[in-house]
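Comments concern the structure below.
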Protein chains: 2
Amino acid sequence: MLPDVNDRLLRALRRQPVDYTPIWLMRQAGRYLPEYRKTRERAGDFLTLCKTPELACEVTLQPITRFPLDAAILFSDILTIPDAMDLGLYFVEGEGPRFQKPIRTLKDIQTLRIPDPEGDLGYVTVAVRLIRHELADRVPLIGFAGSPWTLATYMVEGGASKEFRWIKTLLYDHPQSLLQLLNILTEAVSTYLIAQISAGAQVVMLFDTWGGVLTSQDYPRFSLSWMANIVQRVKTYAPQVPIILFTKGGGAWLENIASVGCDAVGLDWTVDLQKARERVGNQVALQGNLDPAILYSSPESIQSRVADVLAGYGHGNGHVFNLGHGISPEVPPEHVAALVEAVHEQSRFYHL
Amino acid sequence: MLPDVNDRLLRALRRQPVDYTPIWLMRQAGRYLPEYRKTRERAGDFLTLCKTPELACEVTLQPITRFPLDAAILFSDILTIPDAMDLGLYFVEGEGPRFQKPIRTLKDIQTLRIPDPEGDLGYVTVAVRLIRHELADRVPLIGFAGSPWTLATYMVEGGASKEFRWIKTLLYDHPQSLLQLLNILTEAVSTYLIAQISAGAQVVMLFDTWGGVLTSQDYPRFSLSWMANIVQRVKTYAPQVPIILFTKGGGAWLENIASVGCDAVGLDWTVDLQKARERVGNQVALQGNLDPAILYSSPESIQSRVADVLAGYGHGNGHVFNLGHGISPEVPPEHVAALVEAVHEQSRFYHL
């Protein structure tokens with residue numbers, strides 16, 4: 001008997017016909033799952049979980065085992081690159097990531113070295129190979145990285161930020177230094193994504209979590225152009241691998257994002273999906289964009305909002321269903337089951 | 001001798017000719033000023049400062065005394081209304097506002113009473129009268145309130161929120177209850193703004209701080225339509241008083257906001273001002289939208305970014321210069337001086 005190969009995600013990203021709209025969820029392997037919390041406890045801490053391929057593989061597969069999701073995403077963190085650059089990544093419970101040695105001077109930037117994806121970051125490529133083996137082609141595996149701007153933001157702020165004081169001061173007062181940093185990160189991210197693909201990732205996604213804090217004037221120069229460069233490099237190496245770009249808060253720049261050669265654009269929940277589709281035409285697929293807060297509501301409310309998102313995209317190819325942001329740790333897993341079922345059932349109508 | 005009356009703000013809001021672009025700053029009376037920190041210390045705590053008209057007047061005037069700003073804004077807080085509704089407002093240092101009795105049930109909503117602006121909120125109208133007297137028409141005074149949606153968010157979440165879990169659950173599972181709450185708040189905000197105008201406020205502004213966390217589908221129903229209702233009521237009472245609406249993160253809905261009868265729309269710093277002006281045409285004035293983080297940078301960088309914002313709006317009437325968000329407590333006051341000077345000097349070219 002042939003294995004049951006689900007290639008709906010790959011087909012949707014290429015804007016080919018599917019029988020129903022594929023769905024996966026940002027942060028689908030995460031704290032809302034009791035089995036994840038168990039594995040995490042066994043690992044001891046978050047970074048050990050990321051850095052132990054067997055455990056990373058285990059949690060990557062947990063949501064696939066529990067729900068009929070149409071893709072797996074590598075369990076990892078966008079900050080693996082700055083961690084491998086020796087900035088001393090650590091996590092403060094409830095407060096997010098921190099760096100012991102944030103970037104403070106031009107010399108800090110100039111002495112950064114590109115991590116070797118098979119050396120410093122070898123735990124990631126080993127995990128990718130292991131996950132592909134365990135998945136046995138049931139669903140495709142998505143690899144990912146943070147965008148250069150987003151990584152730079154964490155590295156310069158020294159962690160999560162509300163005001164973006166230091167990165168913005170660097171941008172406004174010393175743009176050339178920031179561009180040097182972005183150039184190094186672009187090299188590092190490209191190499192890293194190519195290594196993930198080489199190890200078996202079938203789709204890659206760039207998370208530009210902080211692109212939306214830039215002005216319209218600065219976004220192209222300090223975020224989008226570097227993502228465009230990564231798209232070019234990755235496409236040169238692996239033209240067949242779809243690339244998804246996701247700038248949170250980037251709805252205003254959708255046309256620009258869609259024009260850099262990526263295959264799909266992720267949308268946060270504030271974007272009107274129908275208008276977004278009109279704006280990009282047949283240039284790219286669109287991924288999104290249910291309000292993640294809906295998962296706190298009743299299954300009936302979830303079904304109703306799924307209907308709205310599907311109707312927003314409408315008939316035809318090129319839609320990957322997702323939340324507009326990562327899933328929250330407090331969400332009941334049964335609500336995720338209701339969501340996946342609703343998307344699969346309701347979306348058939350749009351693919352008749 | 002006649003007093004020196006600066007009516008540039010009023011003229012710009014009415015899209016009438018001015019000699020230079022007026023500027024004021026959201027949160028211009030605030031912690032970045034050493035004189036504010038002194039008065040605040042004398043008051044003991046933030047709420048006492050808000051509720052003592054003499055002190056509120058004192059801090060309102062501080063930035064006007066220090067910088068040649070073109071408007072004063074009443075020193076107060078958007079949460080005065082829920083405080084007067086007996087929700088037990090208090091502030092946790094460094095963590096923002098909290099309510100002792102957040103809204104949890106339909107009964108909580110139905111038992112809310114509209115605060116009397118001359119009774120419960122009398123300290124605000126007394127402060128407005130006092131400030132107008134002290135200002136002696138040097139610059140116009142702006143009154144303000146939070147939007148119904150933004151107030152509801154704080155009242156239901158019990159304070160500041162990152163996930164908006166409770167208000168979103170109310171919206172998705174019990175929209176009729178939320179609409180009842182918004183209806184009550186619309187009544188309260190309208191009455192409150194009319195009382196501020198009656199006491200002497202020459203412009204009023206609605207702060208819709210959390211409108212941008214709504215989907216495109218929900219924003220009109222749960223935020224904008226209620227602000228539109230307030231605009232109608234206030235305009236019926238005082239057709240001559242300009243009204244500014246500001247939805248943070250609302251750039252995608254600019255045309256809708258501009259069409260509800262307000263005089264001006266505030267823009268956050270992510271919006272392209274030139275495109276925004278093209279989108280609204282001559283319907284409204286625009287207020288904004290310098291990145292507040294620029295104030296951490298050098299005066300040269302500030303001047304250069306002021307030039308970009310002014311060029312973005314271009315020649316002609318209808319621009320009020322402001323930041324795209326409130327000023328940060330760590331900003332050096334000298335940088336604010338450089339900003340105000342740069343706007344006044346550079347903008348003359350656009351009004352020749």
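Order determines the names: the first chain of the structure tokens is A, the second B, and so forth; residues in each chain are numbered 1 upward, and ligands are numbered 1 upward as they are shown.
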Polymer residues at most 7 Å from Leu182 (chain A), only C-alpha atoms, same-chain spacing of 5 or more positions, as a list in words = Pro148, Trp149 and Ala152 of chain A
Taking only C-alpha atoms into account, report as a PyMOL selection string which residues of chain A lie within 9 Å of chain B.
-> chain A and resi 163-166+168-170+172-173+212-217+249+251-252+269-273+290-298+300-302+305+308+328
Please produce an output containing N, CA and C atoms for each residue in the selection, written as a compact mmCIF listing (two decimals), in the first residue's frame.
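Generated file (again_11.txt):
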# COMPACT_ATOMS: atom_id res chain seq x y z
N GLU A 163 9.53 49.64 22.93
CA GLU A 163 9.80 50.96 22.37
C GLU A 163 10.78 50.93 21.20
N PHE A 164 11.60 49.87 21.10
CA PHE A 164 12.58 49.76 20.03
C PHE A 164 13.56 50.93 20.03
N ARG A 165 13.90 51.34 21.25
CA ARG A 165 14.74 52.52 21.40
C ARG A 165 16.11 52.36 20.75
N TRP A 166 16.79 51.24 21.02
CA TRP A 166 18.19 51.11 20.59
C TRP A 166 18.30 50.82 19.10
N LYS A 168 16.14 51.63 16.84
CA LYS A 168 15.71 52.81 16.09
C LYS A 168 16.79 53.90 16.14
N THR A 169 17.48 54.01 17.27
CA THR A 169 18.56 55.00 17.34
C THR A 169 19.67 54.62 16.37
N LEU A 170 19.96 53.32 16.30
CA LEU A 170 20.96 52.83 15.34
C LEU A 170 20.50 53.17 13.92
N TYR A 172 18.36 55.50 12.89
CA TYR A 172 18.28 56.93 12.57
C TYR A 172 19.66 57.60 12.59
N ASP A 173 20.49 57.21 13.55
CA ASP A 173 21.77 57.93 13.68
C ASP A 173 22.93 57.24 12.97
N GLY A 212 6.65 45.48 11.16
CA GLY A 212 5.55 46.42 11.29
C GLY A 212 5.79 47.59 12.22
N VAL A 213 6.94 47.65 12.88
CA VAL A 213 7.23 48.83 13.70
C VAL A 213 8.03 49.87 12.92
N LEU A 214 8.36 49.54 11.67
CA LEU A 214 9.09 50.49 10.83
C LEU A 214 8.12 51.45 10.15
N THR A 215 8.62 52.62 9.76
CA THR A 215 7.81 53.52 8.95
C THR A 215 7.74 52.95 7.53
N SER A 216 6.78 53.45 6.75
CA SER A 216 6.65 53.02 5.35
C SER A 216 7.92 53.33 4.57
N GLN A 217 8.57 54.39 4.97
CA GLN A 217 9.81 54.81 4.31
C GLN A 217 10.95 53.84 4.60
N GLY A 249 1.93 43.10 10.87
CA GLY A 249 1.66 44.53 10.76
C GLY A 249 2.08 45.10 9.42
N GLY A 251 0.44 44.82 6.47
CA GLY A 251 -0.67 44.83 5.51
C GLY A 251 -0.59 45.95 4.49
N ALA A 252 -0.07 47.11 4.91
CA ALA A 252 -0.02 48.26 4.00
C ALA A 252 0.98 48.03 2.86
N TRP A 269 -4.22 39.12 11.28
CA TRP A 269 -5.69 39.07 11.30
C TRP A 269 -6.37 40.41 11.05
N THR A 270 -5.58 41.50 11.01
CA THR A 270 -6.22 42.80 10.80
C THR A 270 -6.45 43.09 9.32
N VAL A 271 -5.84 42.26 8.45
CA VAL A 271 -5.94 42.49 7.01
C VAL A 271 -7.25 41.92 6.45
N ASP A 272 -7.90 42.65 5.58
CA ASP A 272 -9.09 42.16 4.89
C ASP A 272 -8.62 41.23 3.78
N LEU A 273 -8.94 39.93 3.91
CA LEU A 273 -8.40 38.91 3.01
C LEU A 273 -8.87 39.10 1.57
N LEU A 290 -6.99 34.12 10.36
CA LEU A 290 -7.99 34.12 11.43
C LEU A 290 -7.41 34.79 12.69
N ASP A 291 -8.24 35.60 13.35
CA ASP A 291 -7.84 36.20 14.63
C ASP A 291 -7.51 35.09 15.63
N PRO A 292 -6.28 35.03 16.13
CA PRO A 292 -5.93 33.95 17.06
C PRO A 292 -6.81 33.94 18.32
N ALA A 293 -7.37 35.08 18.68
CA ALA A 293 -8.20 35.16 19.89
C ALA A 293 -9.51 34.38 19.74
N ILE A 294 -9.89 34.07 18.50
CA ILE A 294 -11.13 33.30 18.30
C ILE A 294 -11.04 31.95 19.00
N LEU A 295 -9.82 31.43 19.19
CA LEU A 295 -9.68 30.09 19.78
C LEU A 295 -10.06 30.04 21.26
N TYR A 296 -10.28 31.20 21.86
CA TYR A 296 -10.82 31.22 23.23
C TYR A 296 -12.34 31.06 23.22
N SER A 297 -12.93 31.25 22.05
CA SER A 297 -14.40 31.27 21.96
C SER A 297 -14.97 29.88 21.74
N SER A 298 -16.28 29.81 21.64
CA SER A 298 -16.98 28.53 21.48
C SER A 298 -16.73 27.95 20.09
N GLU A 300 -18.87 27.07 18.01
CA GLU A 300 -19.82 27.70 17.09
C GLU A 300 -19.26 29.03 16.56
N SER A 301 -18.68 29.82 17.47
CA SER A 301 -18.08 31.08 17.03
C SER A 301 -16.90 30.81 16.10
N ILE A 302 -16.11 29.79 16.42
CA ILE A 302 -14.97 29.44 15.58
C ILE A 302 -15.44 29.08 14.18
N ARG A 305 -16.47 32.15 12.22
CA ARG A 305 -15.37 32.99 11.76
C ARG A 305 -14.51 32.30 10.69
N ASP A 308 -16.20 33.10 7.55
CA ASP A 308 -15.90 34.46 7.08
C ASP A 308 -14.54 34.53 6.38
N SER A 328 -2.10 30.89 21.19
CA SER A 328 -1.83 31.25 22.58
C SER A 328 -1.77 30.01 23.48
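A straight line drawn from CA of Arg277 (chain A) to CA of Arg14 (chain A) is 15.0 Å long.
Closest approach to Arg15 (chain A) among A:Pro242, A:Gly266, A:Gly326, A:Gly30 is made by A:Pro242 (distances from only C-alpha atoms).
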Distance CA of Phe67 (chain B)-CA of Ala337 (chain B), one decimal place?
-> 6.2 Å
In region 154-195 of chain A, what's alpha helix (DSSP H) per DSSP? Answer as number ranges by chain?
-> A: 154-157, 165-173, 175-195
Find the spatial neighbours of region 48-62 of chain A, counting only C-alpha atoms, within a cut-off of 6 Å - ignore same-chain residues fewer than 5 positions away - and output them as JSON, numbers by chain.
-> {"A": [29, 36, 43, 74, 75, 76, 123, 127, 131]}
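With only C-alpha atoms as the basis for measurement, B:Tyr154 is the residue among B:Phe91, B:Trp24, B:Tyr350, B:Tyr154 that approaches Arg104 (chain B) most closely.
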Test item: residues at most 10 Å from Val234 (chain B), only C-alpha atoms, excluding those fewer than 4 positions along its chain, as a PyMOL selection string = chain B and resi 189-195+197+204+228-230+238-243
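Of the residues in region 34-214 of chain A, those that DSSP places in strand (DSSP E or B) on the basis of the backbone are A:Ala72, A:Ile73, A:Leu89, A:Tyr90, A:Phe91, A:Val92, A:Gly96, A:Pro97, A:Arg98, A:Phe99, A:Leu141, A:Ile142, A:Gly143, A:Phe144, A:Ala145, A:Gly146, A:Gly159, A:Val203, A:Val204, A:Met205, A:Leu206, A:Phe207, A:Asp208.
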